Amino acid sequence: MPNASPFSSLGISLRQFLLVFVLLFNSFIWFFMNIFILSTWLGTWSKNANVNNLLLWTVYLAAIVGSSLLGAVSFARRNRLALVYGWLSLGVITSLLLSTITMNINPDWLLIIIFLSGVAFGLGMPSALAYFAENTVFENRGLVGGIVFIFTNLSVAVASLFLGNNLVVDCYIAGIWRALCLVIFFLIKPHDKVENPGRGPSFRSVLSQRTFLLFLIPWFMFCLIDRFAYQIFFAKLLEVDKLSLSVEPIVGTIFALIGGLFADWIGRKKVIVFGFIAMGLAYAALGVAPKAPFSWYFYIAIDGIAWGIFLVLFVLVVWGDLSSSKGGCEKYYAVGSIPFFIAYLMQYFVQPYISSIQIGSFEASFSFASLFLFIAVLPLIYAPETLPEKKIQERQIRKYAEEARKLAKREDKKEEA
């Protein structure tokens, strides 16, 4: 009898797991490195009248969104494997280009480098996420996603300790990190082609799909509201120590795995609704007592829980569930990622206006945030569960069978005694 794969409990082979893990883990860490490098550079340039920070962030994030949409379309016409190899190679090149940036750089050349850096992340990301959907199964997709994010979050914390001493060296590290993914990806030897890559829904049909919109709208609302409220919280209210702030990423890391597990057991919809209700309560607490330390700590913890859950489900799981029976995974992931990047950009637009918000407006700001989050739950009420009911029932049956078997063993022992 052949030996079982150590990843058989996940429903995938070791090769499939490595393919998914290496692509996503490396890409997410590389994105963090790029954000760190760009934020540091732009912070240095903030007093330079010739550099418009808002313009640079707009170019960077717009390049990510635009190239991801282009990458999703390109796969329908070209070989995905070639696209991913080119994407990873471009990441290495742009990391090295970032190391050439100086205070005296030509603004036009700077915009080109920033634009290419955005393209180097967005172009192949839908294909990388599609590999995740195609190499995982419904009943364990949340768990695998949780594993990816728990390692990502822990590695980000470690990487942050080594970055920042020398930005040129940081750029070289980012380039080496991306090159490492290229080498490992080549050694894994993924399948060269997917059957009928041109078949799949158009962007129009994806956006007209009722179930897709019922999940996309709440995700979009959460991203916008949370980024806006987060800016107010840190700009106006935050007086807690840095140790307390470390609670949020720790909680988020833990709940990335817990949320993924529960999403596989009870369904995606229930876990997402829990996240929205928890965030609504956190904002309500800030609205009632914005200056109370308890409200701050409660918000920090709940925000970590919500982001841990939502990153796994809205970045990896839900769009993969919806596309499994229809094909065109890339397009679902490309559109589903847009809210995150729009919200990330919007925070830079609202930053200049945060200082004008009066102290007495805090309660209203957080109360409105709480209200809109509860409204965001409404589409989820009408959304169907993306985890097939059959899978949930099979888990329940196995659980009951296991409990019955244990009970029978206990009864047998009692009779023997």
# chains A, B, ... in the order shown; residues from 1 in each chain; ligands from 1
call {"tool": "residues_around", "arguments": {"residues": "A:Asp321", "least_positions_apart": "2", "cutoff": "10 Å", "atoms": "only C-alpha atoms", "output": "mmCIF file with C-alpha atoms, in the first residue's frame"}}
result
data_model
loop_
_atom_site.group_PDB
_atom_site.id
_atom_site.type_symbol
_atom_site.label_atom_id
_atom_site.label_comp_id
_atom_site.auth_asym_id
_atom_site.auth_seq_id
_atom_site.Cartn_x
_atom_site.Cartn_y
_atom_site.Cartn_z
ATOM 1 C CA ALA A 133 -8.046 27.876 -6.118
ATOM 2 C CA GLU A 134 -7.201 25.067 -8.541
ATOM 3 C CA VAL A 137 -10.405 21.624 -2.330
ATOM 4 C CA PHE A 138 -13.550 23.248 -0.945
ATOM 5 C CA ARG A 141 -9.405 25.835 1.268
ATOM 6 C CA ARG A 268 -17.762 31.104 4.802
ATOM 7 C CA LEU A 313 -11.741 34.677 3.086
ATOM 8 C CA LEU A 316 -8.099 33.733 -1.068
ATOM 9 C CA VAL A 317 -11.206 31.670 -0.378
ATOM 10 C CA VAL A 318 -14.529 33.190 -1.500
ATOM 11 C CA TRP A 319 -13.533 34.136 -5.046
ATOM 12 C CA SER A 323 -15.084 30.468 -9.732
ATOM 13 C CA SER A 324 -14.570 26.733 -9.164
ATOM 14 C CA SER A 325 -17.556 25.673 -11.246
ATOM 15 C CA LYS A 326 -17.307 28.430 -13.858
ATOM 16 C CA CYS A 329 -10.445 32.173 -11.630
ATOM 17 C CA TYR A 332 -12.756 36.715 -10.041
ATOM 18 C CA GLU A 385 -23.115 29.924 1.254
ATOM 19 C CA THR A 386 -20.150 29.339 -1.062
ATOM 20 C CA LEU A 387 -19.069 26.177 0.758
ATOM 21 C CA PRO A 388 -21.338 23.450 -0.679
#
call {"tool": "select_by_dssp", "arguments": {"residues": "stretch 55-208 of chain A", "states": "helix (DSSP H, G or I)", "output": "PyMOL selection string"}}
result
chain A and resi 55-75+80-98+107-122+125-134+138-162+167-188+203-207
call {"tool": "closest_residue", "arguments": {"among": "A:Val335, A:Leu42, A:Ala285, A:Ile37", "to": "A:Met125", "atoms": "only C-alpha atoms"}}
result
A:Val335
call {"tool": "closest_residue", "arguments": {"among": "A:Gly260, A:Trp219, A:Thr58, A:Lys291", "to": "A:Ile375", "atoms": "only C-alpha atoms"}}
result
A:Trp219
call {"tool": "residues_around", "arguments": {"residues": "A:Phe25", "least_positions_apart": "3", "cutoff": "10 Å", "atoms": "only C-alpha atoms", "output": "PyMOL selection string"}}
result
chain A and resi 20-22+28-30+147-153+155+181
call {"tool": "write_last_selection", "arguments": {"atoms": "N, CA and C atoms", "output": "mmCIF file, in the first residue's frame"}}
result
data_model
loop_
_atom_site.group_PDB
_atom_site.id
_atom_site.type_symbol
_atom_site.label_atom_id
_atom_site.label_comp_id
_atom_site.auth_asym_id
_atom_site.auth_seq_id
_atom_site.Cartn_x
_atom_site.Cartn_y
_atom_site.Cartn_z
ATOM 1 N N VAL A 20 1.383 26.341 -4.221
ATOM 2 C CA VAL A 20 0.511 27.385 -3.698
ATOM 3 C C VAL A 20 1.236 28.232 -2.661
ATOM 4 N N PHE A 21 1.897 27.558 -1.722
ATOM 5 C CA PHE A 21 2.531 28.259 -0.605
ATOM 6 C C PHE A 21 3.653 29.175 -1.071
ATOM 7 N N VAL A 22 4.544 28.645 -1.926
ATOM 8 C CA VAL A 22 5.702 29.428 -2.362
ATOM 9 C C VAL A 22 5.260 30.663 -3.140
ATOM 10 N N PHE A 28 3.296 37.888 -1.143
ATOM 11 C CA PHE A 28 2.796 38.765 -0.086
ATOM 12 C C PHE A 28 3.947 39.439 0.673
ATOM 13 N N ILE A 29 5.004 38.676 0.962
ATOM 14 C CA ILE A 29 6.160 39.256 1.656
ATOM 15 C C ILE A 29 6.837 40.300 0.763
ATOM 16 N N TRP A 30 6.953 40.005 -0.524
ATOM 17 C CA TRP A 30 7.571 40.948 -1.451
ATOM 18 C C TRP A 30 6.758 42.232 -1.552
ATOM 19 N N ILE A 147 -2.991 28.864 6.759
ATOM 20 C CA ILE A 147 -1.574 28.499 6.903
ATOM 21 C C ILE A 147 -0.698 29.488 6.146
ATOM 22 N N VAL A 148 -1.115 29.855 4.932
ATOM 23 C CA VAL A 148 -0.343 30.818 4.137
ATOM 24 C C VAL A 148 -0.222 32.141 4.879
ATOM 25 N N PHE A 149 -1.329 32.631 5.432
ATOM 26 C CA PHE A 149 -1.313 33.940 6.076
ATOM 27 C C PHE A 149 -0.636 33.925 7.440
ATOM 28 N N ILE A 150 -0.718 32.821 8.156
ATOM 29 C CA ILE A 150 -0.056 32.798 9.460
ATOM 30 C C ILE A 150 1.457 32.848 9.284
ATOM 31 N N PHE A 151 1.983 32.154 8.261
ATOM 32 C CA PHE A 151 3.418 32.232 7.972
ATOM 33 C C PHE A 151 3.785 33.604 7.399
ATOM 34 N N THR A 152 2.888 34.173 6.597
ATOM 35 C CA THR A 152 3.152 35.494 6.027
ATOM 36 C C THR A 152 3.249 36.551 7.118
ATOM 37 N N ASN A 153 2.271 36.564 8.025
ATOM 38 C CA ASN A 153 2.256 37.573 9.089
ATOM 39 C C ASN A 153 3.463 37.440 10.010
ATOM 40 N N SER A 155 6.348 36.171 9.196
ATOM 41 C CA SER A 155 7.543 36.539 8.439
ATOM 42 C C SER A 155 7.640 38.047 8.239
ATOM 43 N N CYS A 181 11.896 32.854 -5.286
ATOM 44 C CA CYS A 181 10.606 32.293 -5.699
ATOM 45 C C CYS A 181 10.674 31.782 -7.126
#
